[in-house]
$ cat target14.cif   # mmCIF, C-alpha atoms
data_work
#
loop_
_atom_site.label_atom_id
_atom_site.label_comp_id
_atom_site.auth_asym_id
_atom_site.auth_seq_id
_atom_site.Cartn_x
_atom_site.Cartn_y
_atom_site.Cartn_z
CA MET Q 1 -82.35 66.90 -66.28
CA ILE Q 2 -81.94 63.20 -65.49
CA ALA Q 3 -79.78 62.74 -68.57
CA LEU Q 4 -77.65 65.73 -67.53
CA ARG Q 5 -77.14 64.27 -64.05
CA ALA Q 6 -76.16 60.91 -65.51
CA LEU Q 7 -73.64 62.58 -67.83
CA CYS Q 8 -72.14 64.51 -64.90
CA ALA Q 9 -71.85 61.27 -62.93
CA ILE Q 10 -70.03 59.59 -65.81
CA ILE Q 11 -67.66 62.53 -66.15
CA ALA Q 12 -66.97 62.41 -62.40
CA LEU Q 13 -66.10 58.70 -62.66
CA LEU Q 14 -63.75 59.12 -65.62
CA PRO Q 15 -60.61 59.91 -63.54
CA VAL Q 16 -61.23 56.80 -61.43
CA VAL Q 17 -61.68 54.57 -64.48
CA VAL Q 18 -58.60 55.99 -66.22
CA ALA Q 19 -56.52 55.64 -63.03
CA ALA Q 20 -57.60 52.03 -62.68
CA GLN Q 21 -56.55 51.30 -66.24
CA LEU Q 22 -53.17 52.91 -65.70
CA GLN Q 23 -52.42 50.86 -62.58
CA PRO Q 24 -49.94 47.97 -63.21
CA ALA Q 25 -51.30 44.46 -63.05
CA SER Q 26 -51.04 43.00 -59.57
CA VAL Q 27 -47.85 41.06 -59.04
CA SER Q 28 -48.00 37.85 -57.07
CA ALA Q 29 -46.09 37.92 -53.82
CA ALA Q 30 -42.55 36.59 -53.92
CA PRO Q 31 -42.27 33.07 -52.49
CA THR Q 32 -41.06 32.70 -48.94
CA ALA Q 33 -37.52 31.47 -48.35
CA SER Q 34 -38.80 28.00 -47.44
CA ALA Q 35 -41.06 27.84 -50.50
CA LEU Q 36 -38.24 28.92 -52.80
CA LEU Q 37 -35.91 26.35 -51.25
CA ALA Q 38 -38.57 23.68 -51.82
CA ARG Q 39 -38.68 24.75 -55.49
CA THR Q 40 -34.91 24.33 -55.77
CA VAL Q 41 -35.00 20.97 -54.00
CA ALA Q 42 -37.71 19.67 -56.35
CA LEU Q 43 -35.70 20.84 -59.35
CA TYR Q 44 -32.56 18.89 -58.44
CA THR Q 45 -33.85 15.81 -56.66
CA GLY Q 46 -36.59 14.84 -59.09
CA VAL Q 47 -34.13 13.94 -61.84
CA ARG Q 48 -30.78 12.28 -61.24
CA PRO Q 49 -27.88 12.36 -61.81
CA LEU Q 50 -26.42 15.88 -62.02
CA ARG Q 51 -23.43 17.39 -63.76
CA ALA Q 52 -22.24 20.94 -63.13
CA GLU Q 53 -19.33 23.11 -64.13
CA PHE Q 54 -18.08 25.37 -61.37
CA THR Q 55 -15.52 27.87 -60.21
CA GLN Q 56 -14.56 27.98 -56.55
CA ARG Q 57 -13.04 30.55 -54.21
CA VAL Q 58 -11.75 29.54 -50.79
CA LYS Q 59 -11.14 32.50 -48.50
CA ASN Q 60 -9.03 31.99 -45.37
CA PRO Q 61 -9.65 34.79 -42.85
CA ILE Q 62 -6.65 33.76 -40.74
CA THR Q 63 -4.10 34.20 -43.54
CA ASP Q 64 -6.24 36.72 -45.42
CA THR Q 65 -5.75 34.75 -48.64
CA GLU Q 66 -8.10 33.56 -51.36
CA THR Q 67 -7.50 30.45 -53.47
CA PRO Q 68 -9.32 29.99 -56.80
CA SER Q 69 -10.08 26.67 -58.46
CA ALA Q 70 -12.39 25.21 -61.11
CA GLY Q 71 -13.73 21.90 -62.33
CA SER Q 72 -16.78 19.68 -62.74
CA TYR Q 73 -19.18 18.40 -60.09
CA LEU Q 74 -21.01 15.10 -60.57
CA GLN Q 75 -23.74 13.69 -58.32
CA ARG Q 76 -25.68 10.45 -58.59
CA GLY Q 77 -27.62 10.71 -55.33
CA PRO Q 78 -27.27 11.50 -51.61
CA GLY Q 79 -23.70 10.80 -50.52
CA VAL Q 80 -22.58 9.78 -54.02
CA PHE Q 81 -20.68 12.58 -55.74
CA SER Q 82 -17.41 13.41 -57.42
CA VAL Q 83 -15.49 16.67 -57.75
CA ASN Q 84 -12.88 16.73 -60.51
CA PHE Q 85 -10.67 19.79 -60.59
CA SER Q 86 -9.26 21.24 -63.79
CA GLN Q 87 -7.57 23.90 -61.68
CA PRO Q 88 -5.49 22.59 -60.00
CA ALA Q 89 -5.45 19.69 -62.43
CA GLY Q 90 -5.47 16.22 -60.88
CA ASP Q 91 -7.17 17.08 -57.60
CA ARG Q 92 -10.24 14.93 -56.86
CA ILE Q 93 -12.86 14.47 -54.15
CA VAL Q 94 -14.88 11.27 -54.52
CA SER Q 95 -17.67 9.80 -52.41
CA ASP Q 96 -19.07 6.39 -53.29
CA GLY Q 97 -21.78 6.51 -50.62
CA ARG Q 98 -19.67 4.77 -47.99
CA THR Q 99 -16.22 6.34 -48.19
CA LEU Q 100 -15.11 9.88 -48.95
CA TRP Q 101 -11.73 10.22 -50.64
CA VAL Q 102 -9.94 13.59 -50.67
CA PHE Q 103 -7.01 13.52 -53.10
CA VAL Q 104 -5.38 16.93 -53.50
CA PRO Q 105 -1.78 16.42 -54.68
CA SER Q 106 -1.55 20.17 -55.31
CA ALA Q 107 -1.59 20.71 -51.53
CA THR Q 108 -0.61 17.35 -49.99
CA PRO Q 109 1.34 15.32 -52.57
CA GLY Q 110 1.76 11.61 -52.00
CA GLN Q 111 -1.29 11.04 -49.82
CA VAL Q 112 -5.06 10.66 -49.95
CA LEU Q 113 -7.46 11.24 -47.06
CA LYS Q 114 -10.01 8.48 -46.45
CA MET Q 115 -13.06 9.31 -44.33
CA PRO Q 116 -16.57 7.99 -43.71
CA VAL Q 117 -19.31 9.70 -45.72
CA GLY Q 118 -20.84 12.56 -43.77
CA ALA Q 119 -17.68 13.27 -41.80
CA GLY Q 120 -17.46 16.77 -43.31
CA ALA Q 121 -14.09 16.42 -44.96
CA PRO Q 122 -12.64 19.62 -46.45
CA GLY Q 123 -14.05 20.44 -49.85
CA GLY Q 124 -16.72 17.76 -49.70
CA VAL Q 125 -19.90 19.66 -50.64
CA ASP Q 126 -22.71 17.14 -51.07
CA LEU Q 127 -25.49 19.17 -52.72
CA VAL Q 128 -28.17 16.48 -52.64
CA GLY Q 129 -27.21 14.79 -49.36
CA GLN Q 130 -26.41 17.88 -47.32
CA PHE Q 131 -28.69 20.59 -48.69
CA PHE Q 132 -31.49 19.04 -50.74
CA THR Q 133 -32.54 16.15 -48.48
CA ALA Q 134 -35.05 17.29 -45.82
CA PRO Q 135 -33.49 20.78 -45.65
CA THR Q 136 -36.14 22.36 -43.41
CA ARG Q 137 -35.54 19.60 -40.85
CA LYS Q 138 -31.76 20.11 -40.96
CA PHE Q 139 -31.66 23.91 -41.21
CA THR Q 140 -33.26 27.11 -40.07
CA VAL Q 141 -34.04 28.81 -43.39
CA THR Q 142 -34.23 32.60 -43.73
CA ASP Q 143 -34.35 35.10 -46.59
CA GLY Q 144 -30.96 36.65 -47.36
CA GLY Q 145 -32.39 39.30 -49.70
CA VAL Q 146 -31.96 40.07 -53.38
CA VAL Q 147 -28.62 40.38 -55.17
CA THR Q 148 -28.03 41.39 -58.80
CA VAL Q 149 -25.46 39.39 -60.77
CA SER Q 150 -24.79 40.25 -64.44
CA GLY Q 151 -28.09 42.11 -64.57
CA LEU Q 152 -30.04 39.15 -63.16
CA ALA Q 153 -31.94 39.52 -59.87
CA LEU Q 154 -31.27 36.53 -57.63
CA ARG Q 155 -32.43 35.54 -54.13
CA LYS Q 156 -30.21 34.43 -51.28
CA LEU Q 157 -31.39 31.68 -48.95
CA VAL Q 158 -29.54 31.42 -45.63
CA LEU Q 159 -29.33 27.94 -44.11
CA VAL Q 160 -28.12 27.58 -40.50
CA PRO Q 161 -27.66 23.95 -39.33
CA ARG Q 162 -29.84 22.85 -36.42
CA SER Q 163 -27.06 20.42 -35.41
CA ASP Q 164 -23.33 20.15 -36.13
CA MET Q 165 -22.78 19.51 -39.83
CA GLY Q 166 -19.19 20.70 -40.04
CA PHE Q 167 -20.10 24.27 -41.01
CA THR Q 168 -21.85 27.22 -39.40
CA ARG Q 169 -24.01 28.34 -42.29
CA ALA Q 170 -24.61 28.04 -46.02
CA VAL Q 171 -26.02 30.62 -48.41
CA LEU Q 172 -27.71 29.40 -51.58
CA THR Q 173 -28.16 31.96 -54.37
CA VAL Q 174 -30.99 30.97 -56.72
CA VAL Q 175 -33.14 32.29 -59.56
CA PRO Q 176 -36.47 33.24 -57.90
CA ALA Q 177 -38.73 32.24 -60.79
CA THR Q 178 -37.24 28.79 -61.37
CA GLY Q 179 -35.22 27.81 -58.30
CA VAL Q 180 -32.09 27.27 -60.44
CA LEU Q 181 -29.00 27.24 -58.24
CA LYS Q 182 -26.33 29.75 -59.20
CA GLN Q 183 -24.01 29.78 -56.20
CA ILE Q 184 -23.46 28.22 -52.81
CA GLU Q 185 -21.34 29.72 -50.06
CA VAL Q 186 -20.34 27.58 -47.06
CA THR Q 187 -18.71 28.98 -43.93
CA GLU Q 188 -16.82 26.37 -41.93
CA HIS Q 189 -16.21 26.39 -38.16
CA SER Q 190 -12.69 27.68 -38.73
CA GLY Q 191 -14.07 30.71 -40.57
CA LEU Q 192 -12.93 29.35 -43.93
CA MET Q 193 -15.42 30.43 -46.60
CA ARG Q 194 -15.94 28.24 -49.66
CA THR Q 195 -17.90 29.74 -52.56
CA LEU Q 196 -18.92 27.65 -55.57
CA SER Q 197 -20.38 29.43 -58.60
CA PHE Q 198 -22.10 27.21 -61.18
CA SER Q 199 -21.94 28.08 -64.86
CA SER Q 200 -24.24 25.21 -65.75
CA ILE Q 201 -26.13 22.37 -64.06
CA THR Q 202 -27.37 19.52 -66.23
CA ARG Q 203 -30.08 17.29 -64.81
CA GLY Q 204 -30.34 13.68 -65.91
CA ALA Q 205 -26.78 13.66 -67.25
CA ALA Q 206 -25.30 10.36 -68.40
CA LEU Q 207 -22.50 9.53 -65.96
CA GLU Q 208 -20.23 6.49 -65.83
CA ALA Q 209 -20.24 4.46 -62.62
CA SER Q 210 -16.45 4.73 -62.58
CA ALA Q 211 -16.81 8.46 -61.92
CA PHE Q 212 -17.76 7.61 -58.34
CA THR Q 213 -14.96 5.11 -57.71
CA PHE Q 214 -11.54 6.13 -56.43
CA VAL Q 215 -8.51 3.95 -57.11
CA VAL Q 216 -5.51 4.81 -54.95
CA PRO Q 217 -2.59 5.67 -57.26
CA ARG Q 218 0.60 3.70 -56.89
CA GLY Q 219 2.93 5.17 -54.29
CA VAL Q 220 0.20 7.24 -52.61
CA THR Q 221 -0.28 6.79 -48.84
CA VAL Q 222 -3.82 6.41 -47.49
CA VAL Q 223 -4.45 8.53 -44.39
CA ASP Q 224 -7.40 7.09 -42.44
CA PRO Q 225 -8.10 9.11 -39.26
CA ALA Q 226 -10.86 6.72 -38.14
CA ALA Q 227 -8.54 3.69 -38.35
CA MET Q 228 -5.80 5.55 -36.49
CA THR Q 229 -8.20 6.53 -33.72
CA LYS Q 230 -9.45 2.97 -33.44
CA GLY Q 231 -5.87 1.69 -33.13
CA GLN Q 232 -5.07 3.92 -30.17
#

$ encode --input "target14.cif" --output "structure tokens"
Amino acid sequence: MIALRALCAIIALLPVVVAAQLQPASVSAAPTASALLARTVALYTGVRPLRAEFTQRVKNPITDTETPSAGSYLQRGPGVFSVNFSQPAGDRIVSDGRTLWVFVPSATPGQVLKMPVGAGAPGGVDLVGQFFTAPTRKFTVTDGGVVTVSGLALRKLVLVPRSDMGFTRAVLTVVPATGVLKQIEVTEHSGLMRTLSFSSITRGAALEASAFTFVVPRGVTVVDPAAMTKGQ
């Protein structure tokens, strides 16, 4: 009788045991937005310098136009970066850590804009200086949800500046498991939206020092707003 009761008990437990075996293994909770941003920051600030290939779209809500471009992005550290456009060819944005040069002959031929670093000149996206240096102190960070790109599930991180940084918000799209940056979207005060999509980012790339030096071409006029303001 005891053996029969034990057998009945085992039979009664079988559905529970089978159900437990069929349950999927527990999946660890997705990292918070701040934790995922910290993962991305560690990935790109631990090894310098960086080289990335990118495509860019600039959408102007006032004119309802969108301008595409492409090129390479180089960064040696906070405030030291260079953007070299292959489309339109010849356009450059260079920051040597003290001065930011914006040379876009495709739009303003015959002149180059000279500004202090951190002045938020158009097109000057400083990944390390603006977004990867003390980001939680500079921004309110929230989760922008999941987006699928080419079959890959990515996370959006929404960064809203705590003080004026020349833009209203930035959205970083990253690979959740690794923190690899795939895209950054910056909305400026004017409503202009600049979206950079990265096809590759190489950490520890060998970069020449000359890549972060701008030599004013012959016949090009230097436009220095700070000097003009000082002279008034």

$ closest_residue --input "target14.cif" --among "Q:Pro49, Q:Pro161, Q:Gly166, Q:Pro88" --to "Phe103 (chain Q)" --atoms "all atoms listed in the file"
Q:Pro88

$ resolve_selection --input "target14.cif" --expression "the PyMOL selection byres ((chain Q and resi 38) around 12)" --output "ChimeraX atom specification"
/Q:31-37,39-46,131-136,141,157,174,176,178-180

$ resolve_selection --input "target14.cif" --expression "the PyMOL selection byres ((chain Q and resi 195-203) around 12)" --output "PyMOL selection string"
chain Q and resi 42-60+66-77+83+123-125+127+149+170-174+180-188+192-194+204-207

$ write_last_selection --input "target14.cif" --atoms "C-alpha atoms" --output "compact mmCIF listing (two decimals), in the frame of the given file"
# COMPACT_ATOMS: atom_id res chain seq x y z
CA ALA Q 42 -37.71 19.67 -56.35
CA LEU Q 43 -35.70 20.84 -59.35
CA TYR Q 44 -32.56 18.89 -58.44
CA THR Q 45 -33.85 15.81 -56.66
CA GLY Q 46 -36.59 14.84 -59.09
CA VAL Q 47 -34.13 13.94 -61.84
CA ARG Q 48 -30.78 12.28 -61.24
CA PRO Q 49 -27.88 12.36 -61.81
CA LEU Q 50 -26.42 15.88 -62.02
CA ARG Q 51 -23.43 17.39 -63.76
CA ALA Q 52 -22.24 20.94 -63.13
CA GLU Q 53 -19.33 23.11 -64.13
CA PHE Q 54 -18.08 25.37 -61.37
CA THR Q 55 -15.52 27.87 -60.21
CA GLN Q 56 -14.56 27.98 -56.55
CA ARG Q 57 -13.04 30.55 -54.21
CA VAL Q 58 -11.75 29.54 -50.79
CA LYS Q 59 -11.14 32.50 -48.50
CA ASN Q 60 -9.03 31.99 -45.37
CA GLU Q 66 -8.10 33.56 -51.36
CA THR Q 67 -7.50 30.45 -53.47
CA PRO Q 68 -9.32 29.99 -56.80
CA SER Q 69 -10.08 26.67 -58.46
CA ALA Q 70 -12.39 25.21 -61.11
CA GLY Q 71 -13.73 21.90 -62.33
CA SER Q 72 -16.78 19.68 -62.74
CA TYR Q 73 -19.18 18.40 -60.09
CA LEU Q 74 -21.01 15.10 -60.57
CA GLN Q 75 -23.74 13.69 -58.32
CA ARG Q 76 -25.68 10.45 -58.59
CA GLY Q 77 -27.62 10.71 -55.33
CA VAL Q 83 -15.49 16.67 -57.75
CA GLY Q 123 -14.05 20.44 -49.85
CA GLY Q 124 -16.72 17.76 -49.70
CA VAL Q 125 -19.90 19.66 -50.64
CA LEU Q 127 -25.49 19.17 -52.72
CA VAL Q 149 -25.46 39.39 -60.77
CA ALA Q 170 -24.61 28.04 -46.02
CA VAL Q 171 -26.02 30.62 -48.41
CA LEU Q 172 -27.71 29.40 -51.58
CA THR Q 173 -28.16 31.96 -54.37
CA VAL Q 174 -30.99 30.97 -56.72
CA VAL Q 180 -32.09 27.27 -60.44
CA LEU Q 181 -29.00 27.24 -58.24
CA LYS Q 182 -26.33 29.75 -59.20
CA GLN Q 183 -24.01 29.78 -56.20
CA ILE Q 184 -23.46 28.22 -52.81
CA GLU Q 185 -21.34 29.72 -50.06
CA VAL Q 186 -20.34 27.58 -47.06
CA THR Q 187 -18.71 28.98 -43.93
CA GLU Q 188 -16.82 26.37 -41.93
CA LEU Q 192 -12.93 29.35 -43.93
CA MET Q 193 -15.42 30.43 -46.60
CA ARG Q 194 -15.94 28.24 -49.66
CA GLY Q 204 -30.34 13.68 -65.91
CA ALA Q 205 -26.78 13.66 -67.25
CA ALA Q 206 -25.30 10.36 -68.40
CA LEU Q 207 -22.50 9.53 -65.96

$ closest_residue --input "target14.cif" --among "Q:Gly129, Q:Ser95, Q:Val160, Q:Ser210" --to "Gly144 (chain Q)" --atoms "only C-alpha atoms"
Q:Val160

$ resolve_selection --input "target14.cif" --expression "the PyMOL selection byres ((chain Q and resi 215-218) around 12)" --output "ChimeraX atom specification"
/Q:90,92-96,101-103,105,109-114,210-214,219-223

$ residues_around --input "target14.cif" --residues "Ser163 (chain Q)" --least-positions-apart "6" --cutoff "12 Å" --atoms "all atoms listed in the file" --output "list in words"
Arg137, Lys138, Phe139, Thr140 and Arg169 of chain Q

$ atom_distance --input "target14.cif" --atom1 "CA of Gln87 (chain Q)" --atom2 "CA of Gln130 (chain Q)"
24.4 Å

$ atom_distance --input "target14.cif" --atom1 "CA of Pro78 (chain Q)" --atom2 "CA of Met115 (chain Q)"
16.1 Å

$ atom_distance --input "target14.cif" --atom1 "CA of Thr99 (chain Q)" --atom2 "CA of Pro116 (chain Q)"
4.8 Å
